[in-house]
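Novice: Structure file my_file-v7.tsv (TSV, C-alpha atoms) right here:
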chain	number	residue	atom	x	y	z
Y	1	MET	CA	25.27	2.24	-32.00
Y	2	ASN	CA	23.49	5.56	-32.46
Y	3	ILE	CA	24.20	7.75	-29.45
Y	4	ARG	CA	22.85	11.28	-29.37
Y	5	THR	CA	22.27	12.13	-25.69
Y	6	VAL	CA	24.68	11.35	-22.87
Y	7	CYS	CA	23.92	11.65	-19.15
Y	8	VAL	CA	27.01	12.43	-17.07
Y	9	LEU	CA	27.28	11.88	-13.32
Y	10	GLY	CA	30.19	13.75	-11.78
Y	11	GLY	CA	30.27	16.06	-14.79
Y	12	THR	CA	31.04	19.24	-12.86
Y	13	GLY	CA	34.39	18.10	-11.44
Y	14	PHE	CA	37.89	18.26	-12.89
Y	15	VAL	CA	37.65	15.40	-15.39
Y	16	GLY	CA	33.92	15.94	-15.91
Y	17	SER	CA	34.25	19.56	-16.98
Y	18	HIS	CA	36.84	18.62	-19.60
Y	19	LEU	CA	34.78	15.66	-20.77
Y	20	VAL	CA	31.49	17.55	-21.06
Y	21	THR	CA	33.21	20.24	-23.12
Y	22	ARG	CA	34.64	17.61	-25.46
Y	23	LEU	CA	31.30	15.81	-25.82
Y	24	VAL	CA	29.66	19.08	-26.84
Y	25	ASP	CA	32.44	19.69	-29.37
Y	26	GLN	CA	31.64	16.27	-30.84
Y	27	GLY	CA	27.97	17.18	-31.27
Y	28	TYR	CA	26.45	15.23	-28.38
Y	29	ARG	CA	23.59	16.52	-26.26
Y	30	VAL	CA	24.71	16.30	-22.64
Y	31	LYS	CA	22.69	16.12	-19.43
Y	32	VAL	CA	24.76	16.70	-16.29
Y	33	LEU	CA	23.31	15.55	-12.97
Y	34	THR	CA	24.71	17.54	-10.05
Y	35	ARG	CA	23.83	18.35	-6.48
Y	36	ARG	CA	24.44	22.08	-6.92
Y	37	ALA	CA	23.94	23.46	-10.41
Y	38	PHE	CA	24.73	27.04	-9.37
Y	39	ARG	CA	28.35	26.02	-8.76
Y	40	SER	CA	28.79	24.96	-12.39
Y	41	LYS	CA	28.17	28.16	-14.33
Y	42	HIS	CA	31.15	27.37	-16.55
Y	43	LEU	CA	29.11	24.52	-18.07
Y	44	MET	CA	25.87	26.47	-18.41
Y	45	VAL	CA	27.27	28.50	-21.31
Y	46	LEU	CA	27.98	25.40	-23.40
Y	47	PRO	CA	25.40	24.75	-26.14
Y	48	GLY	CA	23.57	21.46	-25.79
Y	49	VAL	CA	24.29	21.09	-22.06
Y	50	ARG	CA	21.54	20.72	-19.44
Y	51	LEU	CA	22.52	21.00	-15.79
Y	52	VAL	CA	20.00	19.25	-13.56
Y	53	GLU	CA	20.00	19.29	-9.77
Y	54	ALA	CA	19.45	15.68	-8.72
Y	55	ASP	CA	20.24	13.12	-6.05
Y	56	CYS	CA	22.26	10.56	-7.99
Y	57	HIS	CA	21.87	8.00	-5.21
Y	58	ASP	CA	18.11	7.86	-5.72
Y	59	GLY	CA	17.25	5.15	-8.24
Y	60	SER	CA	13.89	6.70	-9.15
Y	61	VAL	CA	15.63	9.99	-9.94
Y	62	LEU	CA	18.21	8.26	-12.11
Y	63	ARG	CA	15.58	6.29	-14.00
Y	64	ALA	CA	13.67	9.49	-14.76
Y	65	HIS	CA	16.78	11.16	-16.17
Y	66	PHE	CA	18.13	8.10	-18.00
Y	67	GLN	CA	14.86	7.71	-19.89
Y	68	ASP	CA	15.87	9.89	-22.85
Y	69	CYS	CA	19.59	8.99	-22.90
Y	70	GLU	CA	21.39	6.39	-24.99
Y	71	ALA	CA	24.56	6.52	-22.88
Y	72	VAL	CA	25.54	7.19	-19.27
Y	73	ILE	CA	28.97	8.15	-17.93
Y	74	ASN	CA	29.70	7.77	-14.22
Y	75	LEU	CA	32.68	9.82	-13.04
Y	76	VAL	CA	31.66	10.13	-9.39
Y	77	GLY	CA	34.45	9.38	-6.94
Y	78	ILE	CA	36.17	10.54	-3.75
Y	79	LEU	CA	39.75	10.25	-2.54
Y	80	ASN	CA	38.80	10.69	1.12
Y	81	GLU	CA	35.71	10.05	3.19
Y	82	ARG	CA	34.38	12.08	6.09
Y	83	GLY	CA	34.60	9.16	8.47
Y	84	HIS	CA	37.23	6.49	8.97
Y	85	ASP	CA	35.55	3.10	8.45
Y	86	GLY	CA	35.21	2.90	4.67
Y	87	SER	CA	31.44	3.48	4.61
Y	88	GLY	CA	31.84	6.77	2.75
Y	89	PHE	CA	33.78	5.02	-0.01
Y	90	ARG	CA	31.21	2.24	-0.23
Y	91	ARG	CA	28.31	4.65	-0.56
Y	92	THR	CA	30.02	6.82	-3.19
Y	93	HIS	CA	31.62	4.06	-5.24
Y	94	VAL	CA	29.86	0.73	-4.63
Y	95	ASP	CA	26.28	1.68	-3.82
Y	96	LEU	CA	26.13	4.32	-6.53
Y	97	ALA	CA	27.57	1.95	-9.15
Y	98	HIS	CA	24.89	-0.60	-8.29
Y	99	THR	CA	22.12	2.01	-8.55
Y	100	VAL	CA	23.50	3.33	-11.85
Y	101	ILE	CA	23.75	-0.04	-13.62
Y	102	GLU	CA	20.36	-1.24	-12.38
Y	103	SER	CA	18.72	2.03	-13.47
Y	104	ALA	CA	20.49	1.93	-16.83
Y	105	ARG	CA	19.31	-1.63	-17.50
Y	106	GLU	CA	15.74	-0.83	-16.52
Y	107	MET	CA	15.56	2.22	-18.78
Y	108	GLY	CA	17.16	0.58	-21.80
Y	109	VAL	CA	20.38	2.59	-21.77
Y	110	ARG	CA	22.73	1.04	-24.32
Y	111	ARG	CA	26.13	2.29	-23.16
Y	112	LEU	CA	27.82	2.87	-19.79
Y	113	LEU	CA	31.30	4.30	-19.30
Y	114	HIS	CA	32.54	3.92	-15.74
Y	115	MET	CA	35.47	5.71	-14.08
Y	116	SER	CA	37.48	3.33	-11.93
Y	117	ALA	CA	41.12	3.62	-10.82
Y	118	LEU	CA	44.43	1.94	-11.45
Y	119	ASN	CA	44.99	-0.85	-8.90
Y	120	ALA	CA	41.26	-1.10	-8.19
Y	121	ASP	CA	40.90	-4.54	-6.59
Y	122	ALA	CA	37.88	-5.66	-4.59
Y	123	ALA	CA	39.69	-8.62	-3.07
Y	124	SER	CA	43.19	-7.40	-2.25
Y	125	GLY	CA	43.29	-3.63	-2.66
Y	126	PRO	CA	45.38	-2.14	0.17
Y	127	SER	CA	42.88	0.68	0.94
Y	128	HIS	CA	39.17	1.31	1.28
Y	129	TYR	CA	39.46	3.50	-1.81
Y	130	LEU	CA	40.96	0.81	-4.04
Y	131	ARG	CA	38.76	-2.00	-2.71
Y	132	SER	CA	35.58	0.04	-3.19
Y	133	LYS	CA	36.68	1.07	-6.67
Y	134	GLY	CA	37.35	-2.56	-7.52
Y	135	GLU	CA	34.00	-3.70	-6.18
Y	136	ALA	CA	32.18	-0.97	-8.10
Y	137	GLU	CA	33.96	-1.97	-11.28
Y	138	ASN	CA	32.98	-5.61	-10.79
Y	139	ILE	CA	29.37	-4.66	-10.18
Y	140	VAL	CA	28.88	-2.69	-13.39
Y	141	HIS	CA	30.48	-5.43	-15.48
Y	142	THR	CA	28.72	-8.32	-13.75
Y	143	LEU	CA	25.26	-6.76	-13.81
Y	144	ALA	CA	25.61	-5.20	-17.25
Y	145	GLY	CA	22.99	-7.33	-19.00
Y	146	ASP	CA	22.26	-5.65	-22.33
Y	147	VAL	CA	24.22	-2.52	-21.39
Y	148	ALA	CA	27.62	-2.29	-23.09
Y	149	VAL	CA	30.01	-1.38	-20.27
Y	150	THR	CA	33.58	-0.08	-20.40
Y	151	SER	CA	35.54	0.92	-17.31
Y	152	PHE	CA	38.63	3.12	-17.23
Y	153	ARG	CA	41.48	2.78	-14.76
Y	154	PRO	CA	43.74	5.84	-14.87
Y	155	SER	CA	46.87	6.60	-12.88
Y	156	VAL	CA	46.97	10.08	-11.30
Y	157	ILE	CA	45.39	12.58	-13.73
Y	158	PHE	CA	46.95	15.98	-14.41
Y	159	GLY	CA	45.82	19.08	-16.28
Y	160	ARG	CA	44.60	22.60	-15.65
Y	161	GLY	CA	42.44	22.51	-12.53
Y	162	ASP	CA	43.83	19.20	-11.22
Y	163	SER	CA	44.01	18.41	-7.53
Y	164	PHE	CA	47.46	16.82	-7.69
Y	165	PHE	CA	50.00	19.38	-8.92
Y	166	ASN	CA	47.87	22.30	-7.75
Y	167	ARG	CA	47.64	20.90	-4.23
Y	168	PHE	CA	51.39	20.42	-3.92
Y	169	ALA	CA	51.94	23.84	-5.51
Y	170	GLY	CA	49.77	25.37	-2.79
Y	171	LEU	CA	51.81	23.66	-0.08
Y	172	LEU	CA	55.14	24.61	-1.64
Y	173	ARG	CA	54.13	28.27	-1.84
Y	174	ILE	CA	53.64	28.53	1.92
Y	175	THR	CA	56.24	26.24	3.49
Y	176	PRO	CA	60.05	26.23	3.14
Y	177	VAL	CA	60.26	22.59	4.29
Y	178	LEU	CA	57.93	19.83	3.14
Y	179	PRO	CA	58.04	16.44	4.91
Y	180	LEU	CA	56.78	14.07	2.20
Y	181	ALA	CA	55.14	10.75	3.04
Y	182	CYS	CA	55.74	7.76	0.75
Y	183	PRO	CA	58.31	9.62	-1.40
Y	184	ASN	CA	59.21	6.54	-3.44
Y	185	ALA	CA	55.63	5.70	-4.47
Y	186	ARG	CA	55.60	5.53	-8.27
Y	187	PHE	CA	53.10	6.99	-10.73
Y	188	VAL	CA	52.62	7.28	-14.47
Y	189	PRO	CA	50.65	10.56	-14.62
Y	190	VAL	CA	48.12	10.75	-17.44
Y	191	PHE	CA	46.88	13.95	-19.09
Y	192	VAL	CA	43.20	14.76	-18.63
Y	193	GLY	CA	42.93	15.43	-22.37
Y	194	ASP	CA	44.06	11.87	-23.11
Y	195	VAL	CA	41.60	10.48	-20.57
Y	196	VAL	CA	38.79	12.47	-22.17
Y	197	GLU	CA	39.72	11.23	-25.65
Y	198	ALA	CA	39.66	7.64	-24.37
Y	199	PHE	CA	36.12	8.13	-23.03
Y	200	VAL	CA	34.80	9.90	-26.12
Y	201	GLY	CA	36.46	7.40	-28.46
Y	202	ALA	CA	35.01	4.45	-26.57
Y	203	LEU	CA	31.39	5.67	-26.74
Y	204	LYS	CA	30.86	4.22	-30.22
Y	205	ASP	CA	33.73	1.73	-30.30
Y	206	SER	CA	32.32	-1.78	-29.93
Y	207	ALA	CA	35.83	-3.17	-29.48
Y	208	THR	CA	35.88	-1.62	-26.00
Y	209	HIS	CA	32.64	-3.27	-24.84
Y	210	GLY	CA	33.27	-5.24	-21.66
Y	211	GLU	CA	36.84	-3.98	-21.39
Y	212	ARG	CA	38.66	-2.59	-18.35
Y	213	LEU	CA	41.13	-0.09	-19.80
Y	214	ASP	CA	44.27	1.07	-18.00
Y	215	LEU	CA	45.27	4.67	-18.73
Y	216	CYS	CA	48.84	5.76	-18.07
Y	217	GLY	CA	51.17	8.46	-19.35
Y	218	PRO	CA	54.48	7.86	-21.09
Y	219	GLN	CA	56.88	8.10	-18.13
Y	220	VAL	CA	57.26	6.79	-14.57
Y	221	TYR	CA	58.03	9.18	-11.69
Y	222	THR	CA	58.35	8.86	-7.95
Y	223	LEU	CA	56.18	11.09	-5.80
Y	224	LYS	CA	59.25	12.99	-4.65
Y	225	GLU	CA	60.34	13.61	-8.25
Y	226	LEU	CA	56.92	15.06	-9.05
Y	227	VAL	CA	56.96	17.36	-6.01
Y	228	GLU	CA	60.50	18.51	-6.79
Y	229	TYR	CA	59.44	19.22	-10.37
Y	230	THR	CA	56.53	21.30	-9.07
Y	231	ALA	CA	58.88	23.35	-6.89
Y	232	ARG	CA	61.14	24.05	-9.88
Y	233	LEU	CA	58.19	25.23	-11.95
Y	234	LEU	CA	57.19	27.61	-9.17
Y	235	GLY	CA	60.73	28.90	-8.88
Y	236	LYS	CA	60.76	27.92	-5.21
Y	237	SER	CA	63.83	26.60	-3.42
Y	238	ARG	CA	62.33	24.14	-0.99
Y	239	LEU	CA	63.68	21.39	1.23
Y	240	ILE	CA	61.60	18.30	0.44
Y	241	ILE	CA	62.28	15.59	3.00
Y	242	GLY	CA	61.28	12.08	2.03
Y	243	LEU	CA	59.94	10.32	5.11
Y	244	SER	CA	60.62	6.70	5.99
Y	245	ASP	CA	57.69	4.32	5.98
Y	246	ARG	CA	57.43	4.54	9.75
Y	247	PHE	CA	57.21	8.33	9.75
Y	248	SER	CA	54.97	8.33	6.67
Y	249	LEU	CA	52.48	6.22	8.61
Y	250	LEU	CA	52.79	8.52	11.62
Y	251	GLN	CA	52.15	11.58	9.46
Y	252	ALA	CA	49.09	9.93	7.94
Y	253	ARG	CA	47.71	9.05	11.39
Y	254	VAL	CA	48.02	12.69	12.44
Y	255	MET	CA	46.72	14.20	9.17
Y	256	GLU	CA	43.72	11.84	9.26
Y	257	TYR	CA	42.18	14.17	11.83
Y	258	VAL	CA	43.22	17.49	10.27
Y	259	PRO	CA	40.30	19.29	8.56
Y	260	GLY	CA	40.32	18.46	4.85
Y	261	LYS	CA	42.51	15.39	5.40
Y	262	PRO	CA	45.59	16.56	3.44
Y	263	LEU	CA	46.87	12.99	3.91
Y	264	SER	CA	44.69	10.24	5.29
Y	265	LEU	CA	45.47	6.74	6.47
Y	266	ASP	CA	43.60	5.48	3.44
Y	267	ASN	CA	45.80	7.60	1.15
Y	268	TYR	CA	48.85	6.09	2.85
Y	269	HIS	CA	47.57	2.56	2.25
Y	270	SER	CA	46.80	3.34	-1.41
Y	271	LEU	CA	50.36	4.62	-1.85
Y	272	GLN	CA	51.76	1.24	-0.78
Y	273	ARG	CA	51.00	0.00	-4.30
Y	274	ASP	CA	52.69	1.72	-7.26
Y	275	SER	CA	50.20	3.30	-9.67
Y	276	LEU	CA	51.62	1.75	-12.86
Y	277	CYS	CA	50.05	0.13	-15.90
Y	278	PRO	CA	51.05	-3.55	-16.07
Y	279	GLU	CA	50.84	-3.48	-19.85
Y	280	GLY	CA	49.48	-1.15	-22.53
Y	281	GLY	CA	47.23	1.76	-21.70
Y	282	ILE	CA	49.93	4.28	-22.56
Y	283	CYS	CA	48.65	7.77	-23.37
Y	284	PRO	CA	51.00	10.03	-25.34
Y	285	THR	CA	51.04	13.42	-23.58
Y	286	ALA	CA	54.04	14.12	-21.35
Y	287	LEU	CA	53.41	16.19	-18.24
Y	288	GLU	CA	56.37	18.46	-19.11
Y	289	SER	CA	54.42	19.72	-22.13
Y	290	VAL	CA	51.33	20.65	-20.10
Y	291	VAL	CA	51.98	21.36	-16.42
Y	292	PRO	CA	54.17	24.47	-17.03
Y	293	GLN	CA	51.22	26.02	-18.87
Y	294	TYR	CA	49.15	26.26	-15.71
Y	295	LEU	CA	51.68	26.24	-12.88
Y	296	GLY	CA	54.09	28.40	-14.84
Y	297	ASP	CA	51.46	31.12	-15.40
Y	298	ALA	CA	51.51	32.20	-11.78
Y	299	THR	CA	55.31	32.02	-11.61
Y	300	HIS	CA	55.67	34.19	-14.72
Y	301	HIS	CA	53.20	36.72	-13.30
Y	302	ASN	CA	55.07	36.87	-9.97
Y	303	ARG	CA	58.36	37.48	-11.74
Y	304	LEU	CA	56.84	40.31	-13.77
Y	305	GLN	CA	55.46	41.88	-10.60
Y	306	HIS	CA	58.90	41.60	-8.97
Y	307	LEU	CA	60.57	43.26	-11.97
Y	308	ARG	CA	58.00	46.08	-11.97
Y	309	SER	CA	58.56	46.67	-8.26
Y	310	SER	CA	62.32	46.69	-8.70
Y	311	ALA	CA	62.07	49.25	-11.51
Y	312	ARG	CA	60.20	51.80	-9.32
Would it be possible to restate this file's structure as structure tokens?
Specialist:
Amino acid sequence: MNIRTVCVLGGTGFVGSHLVTRLVDQGYRVKVLTRRAFRSKHLMVLPGVRLVEADCHDGSVLRAHFQDCEAVINLVGILNERGHDGSGFRRTHVDLAHTVIESAREMGVRRLLHMSALNADAASGPSHYLRSKGEAENIVHTLAGDVAVTSFRPSVIFGRGDSFFNRFAGLLRITPVLPLACPNARFVPVFVGDVVEAFVGALKDSATHGERLDLCGPQVYTLKELVEYTARLLGKSRLIIGLSDRFSLLQARVMEYVPGKPLSLDNYHSLQRDSLCPEGGICPTALESVVPQYLGDATHHNRLQHLRSSAR
């Protein structure tokens, strides 16, 4: 399969920025559809990248931009919705997936890579997030037609710019005590670089056509272990209190209505199912070899500042 131009939806986010950079390194021409191009200046400097302001939910817009592309990658996703009834998840995950695959088929796109999530399950997912991810995944595979589809189902993704370790680091910097919901929920964190390599490698790999690929790192951790590790990296002595299920649910019910939804009811329901790969899908990079490089930078700088102040 000769692929020269790739259209990326969700290419300005955390995973997308890493992926677009890697695609350029591999010699692909990349078109990134985004709502606000001016917020993505870091991608504008990359050779072979076109940032286009577009409404990705408009089928006519997608068809116009898919016309000159051999492959499409859909990374669009949300962890929380503005409302509370699941409609935000359905629009972002399910409706968009349907529009993407229909537009791809109509324009003769040969390859679609779709970002799903570990535990995505349309029938029995415990949350709106996981059910909508599962339904979206089913749609792109069922309606694929002549489009070769591969979906990817990662556990929590880490790397410079992530929203997992950086979010907890932000909380740990400002509070001496952290009540932690669902402390025993288990994850197998996967490095963004490994996720990107899986996507890029699959573009021309016919063995991945029609596959739903789990992506997990090499080691299992509980949520509390990951937060405690973050505190150690920051050099912060913090009391991290693991909440019971009852109080975890109560915290989620309260946080559901806090601006930004630091923890939503839907997050709570997602955490009721461990984010583990049932078999295979193991990516090699350990978080201990990467996370200190971006969380440790600030800690090292703070220590230097403290030493300079002490020397005056």
Novice: Using only C-alpha atoms, find the one residue out of Y:Gly161, Y:Gly193, Y:Pro259, Y:Gly281 that sits nearest to Y:Glu211.
Specialist: Y:Gly281
Novice: Give the answer as one residue: which of Y:Phe66, Y:Tyr129, Y:Phe168, Y:Tyr229 has the shortest atom-to-atom distance to Y:Phe89, using all atoms listed in the file?
Specialist: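 Closest residue, counting all atoms listed in the file: Y:Tyr129.
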Novice: Work out how far apart atom CA of Y:Arg160 and atom CA of Y:Ser116 are and give it in Å to one decimal.
Specialist: 20.9 Å
Novice: Using all atoms listed in the file, can you tell me which of Y:Cys69, Y:Leu171, Y:Leu178, Y:Ala252 comes closest to Y:His269?
Specialist: Y:Ala252
Novice: If you take all atoms listed in the file and a cut-off of 12 Å, which residues of stretch 88-166 of chain Y touch stretch 283-298 of chain Y, and what are their nearest atom pairs and distances in Å to one decimal, in chain and number order, as a Markdown table?
Specialist:
| residue | atom | partner | partner_atom | distance |
| --- | --- | --- | --- | --- |
| Y:Pro154 | CA | Y:Cys283 | CA | 10.0 |
| Y:Ser155 | CA | Y:Cys283 | CA | 10.7 |
| Y:Val156 | CA | Y:Leu287 | CA | 11.3 |
| Y:Ile157 | CA | Y:Leu287 | CA | 9.9 |
| Y:Phe158 | CA | Y:Leu287 | CA | 7.5 |
| Y:Gly159 | CA | Y:Val291 | CA | 6.6 |
| Y:Arg160 | CA | Y:Tyr294 | CA | 5.8 |
| Y:Gly161 | CA | Y:Tyr294 | CA | 8.3 |
| Y:Asp162 | CA | Y:Val291 | CA | 9.9 |
| Y:Phe164 | CA | Y:Val291 | CA | 10.8 |
| Y:Phe165 | CA | Y:Val291 | CA | 8.0 |
| Y:Asn166 | CA | Y:Leu295 | CA | 7.5 |
Novice: Quick one: distance from atom CA of Y:Gly242 to atom CA of Y:Pro189 in Å, one decimal?
Specialist: 19.8 Å
Novice: What's the 10 Å shell around Y:Ser264, counting all atoms listed in the file, without same-chain residues fewer than 5 positions away, as a list of chain:residue names?
Specialist: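 Listed by chain and then number, they are Y:Leu79, Y:Asn80, Y:Glu81, Y:His84, Y:Leu249, Y:Gln251, Y:Ala252, Y:Arg253, Y:Val254, Y:Met255, Y:Glu256, Y:Tyr257, Y:Val258, Y:His269, Y:Ser270.
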Novice: Tell me, as a ChimeraX atom specification, which residues lie within 9 Å of Y:Arg29, counting all atoms listed in the file; anything in the same chain fewer than 2 positions away does not count.
Specialist: /Y:4-7,23-24,27,31,47-50
Novice: For Y:Val76, which of Y:Val8, Y:Ala202, Y:Ile139, Y:Leu234 is the closest residue, counting all atoms listed in the file?
Specialist: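 Result for the nearest residue to Y:Val76: Y:Val8.
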Novice: Grab all the atoms of stretch 183-194 of chain Y that the file lists, wrap them in a box along x, y and z, add 6 Å per side, and give me centre plus edge lengths in Å (one decimal) as lines of an AutoDock Vina configuration file.
Specialist:
center_x = 51.1
center_y = 10.5
center_z = -12.3
size_x = 28.3
size_y = 21.9
size_z = 33.7
Novice: Please compute the atom CA of Y:Gly88-atom CA of Y:Gly11 distance, one decimal, in Å.
Specialist: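 For atom CA of Y:Gly88 relative to atom CA of Y:Gly11, the distance reads 19.9 Å.
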Novice: Choose the residue, out of Y:Leu19, Y:Leu226, Y:Ala37, Y:Val94, that has the smallest atom-to-atom separation from Y:Ile78; count all atoms listed in the file.
Specialist: Y:Val94
Novice: Name the residues in contact with Y:Glu225 at a cut-off of 10 Å, using only C-alpha atoms, excluding same-chain residues fewer than 2 positions from it; report them as a list in words.
Specialist: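 The neighbour list is Pro183, Asn184, Ala185, Arg186, Val220, Tyr221, Thr222, Leu223, Val227, Glu228, Tyr229, Thr230, Ala231 and Ile240 of chain Y.
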Novice: Which is closest to Y:Ala169 among Y:Leu9, Y:Ala148, Y:Leu233, Y:Val196, if we use all atoms listed in the file?
Specialist: Y:Leu233
Novice: Please provide as a PyMOL selection string all residues within 12 Å of Y:Leu130, with the sequence filter that same-chain residues fewer than 4 positions apart are discarded (counting all atoms listed in the file).
Specialist: chain Y and resi 77-80+86+89-90+93-94+116-126+134-137+153+266-273+275
Novice: If we count only C-alpha atoms and set the cut-off at 9 Å, which residues sit around Y:Val52, ignoring sequence neighbours fewer than 4 positions away in its own chain? Please answer as a ChimeraX atom specification.
Specialist: /Y:31-37
Novice: Check which residues of stretch 138-164 of chain Y sit at most 7 Å from stretch 99-108 of chain Y using all atoms listed in the file, and return one row each with the closest pair of atoms and their distance in Å to one decimal, ordered by chain and rising number, as a Markdown table.
Specialist:
| residue | atom | partner | partner_atom | distance |
| --- | --- | --- | --- | --- |
| Y:Val140 | CA | Y:Ile101 | CA | 5.8 |
| Y:Leu143 | CA | Y:Ile101 | CA | 6.9 |
| Y:Ala144 | CA | Y:Ile101 | CA | 6.6 |
| Y:Gly145 | CA | Y:Arg105 | CA | 6.9 |
| Y:Asp146 | CA | Y:Arg105 | CA | 6.9 |
| Y:Val147 | CA | Y:Arg105 | CA | 6.3 |
Novice: Identify the residues within 6 Å of coordinate (49.3, 3.4, -16.8) (same frame as the file), considering only C-alpha atoms, and give the answer as a list in words.
Specialist: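 Here the neighbourhood of the point contains Ser155, Val188, Asp214, Leu215, Cys216, Gly217, Leu276, Cys277, Gly281 and Ile282 of chain Y.
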Novice: Dump as a ChimeraX atom specification all residues having an atom at most 10 Å from (32.3, 23.2, -16.6), computed in the file's coordinates with only C-alpha atoms.
Specialist: /Y:11-21,32,39-46,49
